[in-house]
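Each remark here refers to the structure printed beneath this line.
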Protein chains: 4
Amino acid sequence: MSDRKKVGVFCSGGDAPGMNAALRSIVRRGIAQGLNIVAIHRGYKGILDEAFEKMIPRSVGNIIQTGGTVIKTARCERFYKEEGVRQAAEILKSYEFDGLIAIGGDGTFRGLLELQKVWDGQIIGIPGTIDNDIYGTDYTIGFDTAIDTAIQALDRIRDTADSHERVFIVEVMGRHSGFIALKVGIGSGAEEILIPEDEPIDLKAVAKRIKDARDRGKTSLIIIVAEGVSKPDIFTFCKKLTTQPGLEFSTHISILGHLQRGGSPSAVDRWNATRMGAYAVDCILGGDSGIMVGEQNLKLVKVPLKDTQKKKSIDRYAHSLIRDLAI
Amino acid sequence: MSDRKKVGVFCSGGDAPGMNAALRSIVRRGIAQGLNIVAIHRGYKGILDEAFEKMIPRSVGNIIQTGGTVIKTARCERFYKEEGVRQAAEILKSYEFDGLIAIGGDGTFRGLLELQKVWDGQIIGIPGTIDNDIYGTDYTIGFDTAIDTAIQALDRIRDTADSHERVFIVEVMGRHSGFIALKVGIGSGAEEILIPEDEPIDLKAVAKRIKDARDRGKTSLIIIVAEGVSKPDIFTFCKKLTTQPGLEFSTHISILGHLQRGGSPSAVDRWNATRMGAYAVDCILGGDSGIMVGEQNLKLVKVPLKDTQKKKSIDRYAHSLIRDLAI
Amino acid sequence: MSDRKKVGVFCSGGDAPGMNAALRSIVRRGIAQGLNIVAIHRGYKGILDEAFEKMIPRSVGNIIQTGGTVIKTARCERFYKEEGVRQAAEILKSYEFDGLIAIGGDGTFRGLLELQKVWDGQIIGIPGTIDNDIYGTDYTIGFDTAIDTAIQALDRIRDTADSHERVFIVEVMGRHSGFIALKVGIGSGAEEILIPEDEPIDLKAVAKRIKDARDRGKTSLIIIVAEGVSKPDIFTFCKKLTTQPGLEFSTHISILGHLQRGGSPSAVDRWNATRMGAYAVDCILGGDSGIMVGEQNLKLVKVPLKDTQKKKSIDRYAHSLIRDLAI
Amino acid sequence: MSDRKKVGVFCSGGDAPGMNAALRSIVRRGIAQGLNIVAIHRGYKGILDEAFEKMIPRSVGNIIQTGGTVIKTARCERFYKEEGVRQAAEILKSYEFDGLIAIGGDGTFRGLLELQKVWDGQIIGIPGTIDNDIYGTDYTIGFDTAIDTAIQALDRIRDTADSHERVFIVEVMGRHSGFIALKVGIGSGAEEILIPEDEPIDLKAVAKRIKDARDRGKTSLIIIVAEGVSKPDIFTFCKKLTTQPGLEFSTHISILGHLQRGGSPSAVDRWNATRMGAYAVDCILGGDSGIMVGEQNLKLVKVPLKDTQKKKSIDRYAHSLIRDLAI
């Protein structure tokens, strides 16, 4: 009946602060520009469950400042199989969706690439993950808040490390990349930063540097370890590190864990989520498909979805500074 | 040479936010009122090591807002033995100390009681511990900040629990008491709060209530567990809880750990630390000894040091509300 | 039809962090204990406008951590007149309310006292105001958060004051009382704290102390001024203070203003709001009326509503410390 | 005597969070790489006053997380005149400085350009200003923290605006540019953002939009006004806006003021300040002079100092979204 394009929006993968700001922007920009916006609850699962909700401007009132995602997110086993993807396409057709905007990480985008093979609606991705490991964009929604949260936790841990003159080993998120570890490590003035990109790590050398630092008079030290490094778990890893022959030292362990994920989004996350959400709407209006909205050089850009599966590199210059900063 | 009383001040046990505010108050009030204030570094260890530093008003500039303790704290094996205590008394005599003000918890106060037997200087304790488990005072320095820190972490975890519709088990500090767990649990709207005071805990009943809540439509739940309950460790405990026959459920675990300890002190911690520090000085001037400065009914009071070793009770009314609040 | 008592709940006067936590507690405790809870939107105005909403447990989901009040608050000119009060009573009768729980400050309680003359339902007050100026309770909902917010702002201002070696005059809330000014002043390490209780203030003496402090080598100073002191406005007041003959100095002015009012409630505000809300329900169930729920000595108590109109005193001991702490 | 290059470092202009992180990085990277680093206290004034302090690694311990600047900043009338600049050059020569690294804004860089005419040492600038108005760099130290601080304040004000259903006018920093206003406005979900770049502003049109929004059912609104717009002062400006014939409305005013300036630096500010400080050292070692270290496209770059005096533009795309986001 209506001439308005019907566009579904969903979040998928781990939640990230700023997802709600992006949703708000998509809904309001979309409606203001003549789209019919439908929220899909619980990611890909919500397509299969037909968990659709028509959005009005008030649906997204008072959420810009909230963490998590009001339209929920979930893992969806069914969608990992060809049969699930085809079923999703059928449902999208029967509900007459013209386009989809998905907020998530590289797993989410892999799903979009699969869907694209069997559904001819417009498909737009928005990078939403605290891990910042998406190729093609300088920025992903949630990373900035996660780093701030982790650094505030590290500042607290530093208080205790200093007061008791202790060595702390702190595990931060990052199974496959060191973006969080590196930025948290530099920002908290950590003495060591161990990241997956540097595997295998020479534990003896690390233990030696810690011993040397203590000999030089450093009474408290902080070692940041990305999840991808602390294998099989942080306790076992720590034991290996602290019992290097002739280089033994005692430590305390802290696992930041899930608290890095939530919280009210930072200014940057609200700003970028808002701009990216609006720009995704503009892409729908302009007829784009098969792209991710990215930020490069502070400007919004369109990135082919398949490029997002490439490997993004960390800032090696920053990493190279650690020794000098810890003198 | 000088008529001024010479008073040593030290921190002992775990660091707590507000210790620096107390130190600042002791130093400035003390000097302004005619005392000679000497900082002792690293607690009891600092007495034995003669790690003394004469304080001037500027020594404590710009520290009221900082966490940890600028005069450090440490465990001291030597002081646990009679020989160590006697040696400490000798050193205090030889340096002509007239009094000591110690900021710490019940372990610190046990040390003071031992010292009192062999040293006749004035001895004043100030309750400084995030655990709030000191009898005789409504308030201990650091508890308020620790609770706020934990609740901010819980708010973040709630974002993820809600977005993913999960059950989270969160371990908070409290080896012997549930003060932190209870206040954090009530303040974060947790569905369960498991505290050492209620041991042994009926895990089957807990699992049953969680199942019932999910059946009632609660999609996300948070269970707060004090350290004293999560035995032998939170992972094992969690496994036991989530595998009750017929009541299995899946969870995520978060350990708040050391980040509960540090951070810029809250308004209340700065306020009370400042008042208690000044009042401790007034007690020295008034000739008191063998007491802890406490707060009761918002008023500063003197509590016999030996009373501090009694057991303090949690707020049973608040605890009784959990079921109703989680409907 | 129902045997359940019907109880209305509303917020009135200035909003305060923790009002939502109290509302949540009233709704859930009330329903769990067999009451029928009805939210009244916009305070007394909502009674006259018949803005009633039946509450279910989910109505108050996910609000414990939010500032402001989800059921709104407003000033109501009509209720200040006898005619308005009588009309309110008529409406309450016609809707068959058995009781009212009102969260607000002394103005709110004056309204309750008027209403009590013409309506025979149960009337319970809960102290909700950031000003802390309610007699009969050690604690009012929102004060703790407001103080923390103000102190965080002061910490920031201190950074600039120190970096530029300046004198800052900071106006904080408190038209009739110095509770906020005093706690913020002590907690931020301010050099002067000017409160309404000390009016008329000897500006010459204040200027003299500032000059002396600068002569002693203090390069940066912070002066806290309660609204009730900065008359007719902070700019004029500041000019008067800084131009005392022979004692001139230059300053920067900062007005904290409304940001002291909002924000996610602190642990203490959530804790006490929750306890007080539940206790108000218990009072309704127990048949009480004409009382305010208060906290004294960490215990919940019932205070006759008319007592709340008395004058509460500030902590003179803390106030007496300022000179010594600023040496 | 020494072969080590002697490099002075100072802060100038308004303080900004992250200046201390930059200083730490310069000192440690510099010393580790063989430079002799000397802190100059109070900016240009410190050169004329010969307020020099030799730095060692510990001089900058525990400052990465602090706001303001530990080496102070100041305005310097004398340096604005040719005579002052020549005198500074003489002093730098007599103390045998080989280079200078200055952290500050465009005024600071104008000073460097003057100094360059009469002194032949190496001159490197680092952009440190919360205003973000430096051409040639995507980023300036302190902007990110300032925006986060302002948005947290706005979140609080929104709580009160919502609870009381009011219009708030909030003045934020920005005398000549709208960078802060725009990012704060977008991030806080403000309904209007008035910036100097859009002068003269059509107040009638603004008042009309506010009236329309209220007619549409928006009960609370927030209007962000940059300092450069609120002329002659925010009170007068507000009166003009709210008394447009036929479009009158009542408002509350909030002035964020100095609290936007201080505070513990955000992760991004620590990260970039650290990288820029280290890179400035690398530039000294590489023989560069007459440049500002900037960030473009996440990479560190060298920008000719004179380019920094050009006008930087705001993000017009973001600005264009406001109407749609406020529906």
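Every chain in the structure tokens takes a letter, A first, then B, and so on in the order presented; its residues are numbered from 1, and the ligands are numbered from 1 following the presented order.
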
| task | Can you list, as number ranges by chain, all residues belonging to stretch 86-279 of chain A that DSSP tags as helix (DSSP H, G or I)? | result | A: 86-94, 106-118, 143-164, 179-188, 196-198, 203-215, 234-242, 257-260, 267-279

Taking only C-alpha atoms into account, produce a table as a Markdown table in which each residue of chain C with an atom at most 6 Å from an atom of chain D appears once, together with its shortest atom pair and the distance in Å to one decimal, ordered by chain and rising number.
| residue | atom | partner | partner_atom | distance |
| --- | --- | --- | --- | --- |
| C:Gly67 | CA | D:Asp159 | CA | 5.8 |
| C:Gly68 | CA | D:Asp159 | CA | 4.7 |
| C:Thr69 | CA | D:Ser163 | CA | 5.4 |
| C:Lys72 | CA | D:Ser163 | CA | 4.4 |
| C:Thr73 | CA | D:His164 | CA | 5.5 |
| C:Ala74 | CA | D:His164 | CA | 5.7 |
| C:Ala153 | CA | D:Leu259 | CA | 5.7 |
| C:Arg156 | CA | D:Gly262 | CA | 4.1 |
| C:Ile157 | CA | D:Leu259 | CA | 5.3 |
| C:Asp159 | CA | D:Gly68 | CA | 4.7 |
| C:Thr160 | CA | D:Gly68 | CA | 5.7 |
| C:Ser163 | CA | D:Lys72 | CA | 4.4 |
| C:His164 | CA | D:Thr73 | CA | 5.5 |
| C:Leu259 | CA | D:Ile157 | CA | 5.3 |
| C:Gly262 | CA | D:Arg156 | CA | 4.1 |
| C:Gly263 | CA | D:Arg156 | CA | 4.5 |

| message | What does the structure give for the distance between atom CA of C:Gly121 and atom CA of C:Leu48, in Å to one decimal? | response |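 For atom CA of C:Gly121 relative to atom CA of C:Leu48, the distance reads 16.4 Å.
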